[in-house]
Amino acid sequence: MSAIVQGSTIGILGGGQLGRMTAMAARSLGYRVQVMDPDPSCPARFVVDACFVGSWNDARAAADLARGCDVITLEIEQISIASLEAAARHAPVRPGKDILAMVQDRIQQKNWLRDHGYPVGPYRAIHSESDLLQAVAELGGRIYLKHARGGYDGKGQVKLDIPPAGLPGDDVALAWRTLGGQPCVAEKAFDLQAEISVMVARNPGGEIVAYPAAMNHHEHQILVWSALPSSISPSLEKRAQEIATTMASQLKLEGLLAVEMFVTAGEGLFVNELAPRPHNSYHASQRCCVTSQFEQAVRAVCDLPLGDVRIMRPAAIANLLGDLWLNDGLQTEPHFAQALAVPEVSLHLYEKHTARAGRKMGHLSATADTAEEAVRRVIEARSRL
């Protein structure tokens, strides 16, 4: 074991809420923390030792960050490969650039999953309007079209829903124009029974640990609530865990990897997307697991023994979007005191000072005797805001 010991400095590429919560966990473990972010007032700035301002493509800023650090990790996939390479000249970068390069391009990601035998739904790489017309003919009219690079929380994607007898020409042309005529992935839409994710951690020494699957509910492609544990069958849970741990091993992951999956009729299981970082669907781990995902991220990149991921008590989270702060164009504070009156509910705010529609400003968490009751509690708490 080549552990990076307490008192060392961890650098985080990205200072959003994930970087903030990772930094708070690192501080509890005795580490110093620095971040790099385009926003000089990013959420992590208020809990770290230093904040370097730079865009995701700013290799010089990434190198400046790394010079004073013993290890570098990340909280966002959009970091350029050049920035990762610049940082790696001064400190180990975990996870590494090979994983990031694959994950950053949805076409490469889908191809990697397919080529390595993982269950992935029907898809086509789209480079032109004619490619999209052919995809509609081959996959059917219900398609999610997503930018190959960038995009999250529903951004950079459109849904096509063309009736069987419909003429796809106008719809295809509009979808292609809406996404700017950029390379995309066309994914056949599933009739979903559930959406789940599995968080897996691996340290440089090769130790691997997977959390129990989380149950996730999205609206408009944005996570609304998530719960631990999920309600999937034991056999499906075992299969999901095997997919995540095998993937971490094949990728020689150093850090965290969230594997988002679809559950379809007959317990069909398909991998949707990968995220090599802490993930919104595992915020509940702060309340219910022996080791939160943020502490696990620190343990993994510092090559410490990985923590226990058992669930001590079921929990759920509900995201708080900027819409809650907006009233007739003015920014007002939600009624947090009323939400906190719901039993076992906690509030987690990210210190984002400007609310925008769809922007994640914080989340509520709750514990309960069952995951279903925990979900009811966070939904009730959010309704009081």
# chains A, B, ... in the order shown; residues from 1 in each chain; ligands from 1
>>> residues_around(residues="Ala300 in chain A", least_positions_apart="5", cutoff="8 Å", atoms="only C-alpha atoms", output="MDAnalysis selection string")
chainID A and resid 201:204 254:256 305:306
>>> write_last_selection(atoms="C-alpha atoms", output="mmCIF file, in the first residue's frame")
data_model
loop_
_atom_site.group_PDB
_atom_site.id
_atom_site.type_symbol
_atom_site.label_atom_id
_atom_site.label_comp_id
_atom_site.auth_asym_id
_atom_site.auth_seq_id
_atom_site.Cartn_x
_atom_site.Cartn_y
_atom_site.Cartn_z
ATOM 1 C CA ALA A 201 -14.889 2.329 -5.512
ATOM 2 C CA ARG A 202 -11.430 0.978 -6.291
ATOM 3 C CA ASN A 203 -8.111 2.102 -4.825
ATOM 4 C CA PRO A 204 -4.683 1.860 -6.541
ATOM 5 C CA GLU A 254 -8.645 4.649 -9.094
ATOM 6 C CA GLY A 255 -11.490 6.482 -7.396
ATOM 7 C CA LEU A 256 -15.255 6.231 -7.790
ATOM 8 C CA PRO A 305 -8.470 0.868 2.991
ATOM 9 C CA LEU A 306 -11.946 1.299 1.529
#
>>> select_by_dssp(residues="range 106-163 of chain A", states="alpha helix (DSSP H)", output="JSON, numbers by chain")
{"A": [106, 107, 108, 109, 110, 111, 112, 113, 114, 115, 129, 130, 131, 132, 133, 134, 135, 136, 137, 138, 139]}
>>> select_by_dssp(residues="range 21-56 of chain A", states="strand (DSSP E or B)", output="list in words")
Arg32, Val33, Gln34, Val35, Met36, Asp37, Ala50, Cys51, Phe52 and Val53 of chain A
>>> write_last_selection(atoms="C-alpha atoms", output="PDB file, in the first residue's frame")
ATOM      1  CA  ARG A  32      -5.725  19.861   3.223  1.00  0.00           C
ATOM      2  CA  VAL A  33      -7.711  20.604   0.066  1.00  0.00           C
ATOM      3  CA  GLN A  34      -7.336  22.830  -2.991  1.00  0.00           C
ATOM      4  CA  VAL A  35      -9.702  23.125  -5.955  1.00  0.00           C
ATOM      5  CA  MET A  36      -9.751  24.531  -9.482  1.00  0.00           C
ATOM      6  CA  ASP A  37     -12.970  25.936 -10.932  1.00  0.00           C
ATOM      7  CA  ALA A  50      -7.069  27.532  -1.884  1.00  0.00           C
ATOM      8  CA  CYS A  51      -9.119  27.968  -5.058  1.00  0.00           C
ATOM      9  CA  PHE A  52      -7.428  28.286  -8.455  1.00  0.00           C
ATOM     10  CA  VAL A  53      -9.588  29.968 -11.078  1.00  0.00           C
TER      11      VAL A  53
END
>>> closest_residue(among="A:Gln182, A:Thr264, A:Ser292, A:Ser235", to="Ile196 in chain A", atoms="only C-alpha atoms")
A:Thr264
>>> closest_residue(among="A:Val259, A:Gln293, A:Asn319, A:Ala227", to="Glu372 in chain A", atoms="only C-alpha atoms")
A:Ala227
>>> closest_residue(among="A:Val290, A:Val200, A:Ala137, A:Leu84", to="Ile162 in chain A", atoms="only C-alpha atoms")
A:Ala137
>>> residues_around(residues="Ala23 in chain A", least_positions_apart="5", cutoff="10 Å", atoms="only C-alpha atoms", output="ChimeraX atom specification")
/A:10-12,15,17-18,28-29,31-35,44-45,47-49,294-295,298
>>> residues_around(residues="Ala240 in chain A", least_positions_apart="5", cutoff="8 Å", atoms="only C-alpha atoms", output="JSON, numbers by chain")
{"A": [198, 213, 269]}
>>> write_last_selection(atoms="N, CA, C and O atoms", output="CSV table (one decimal), in the first residue's frame")
chain,number,residue,atom,x,y,z
A,198,VAL,N,-25.3,2.0,-9.4
A,198,VAL,CA,-24.4,1.4,-8.4
A,198,VAL,C,-23.1,2.2,-8.4
A,198,VAL,O,-22.5,2.4,-9.4
A,213,ALA,N,-27.4,-0.9,-4.6
A,213,ALA,CA,-28.0,-0.1,-5.6
A,213,ALA,C,-28.9,0.9,-5.1
A,213,ALA,O,-29.6,0.7,-4.1
A,269,LEU,N,-31.7,-5.7,-17.7
A,269,LEU,CA,-30.8,-4.7,-17.1
A,269,LEU,C,-29.9,-4.2,-18.1
A,269,LEU,O,-29.2,-5.0,-18.8
>>> closest_residue(among="A:Tyr211, A:Tyr152, A:Tyr118, A:Tyr144", to="Gly358 in chain A", atoms="only C-alpha atoms")
A:Tyr152
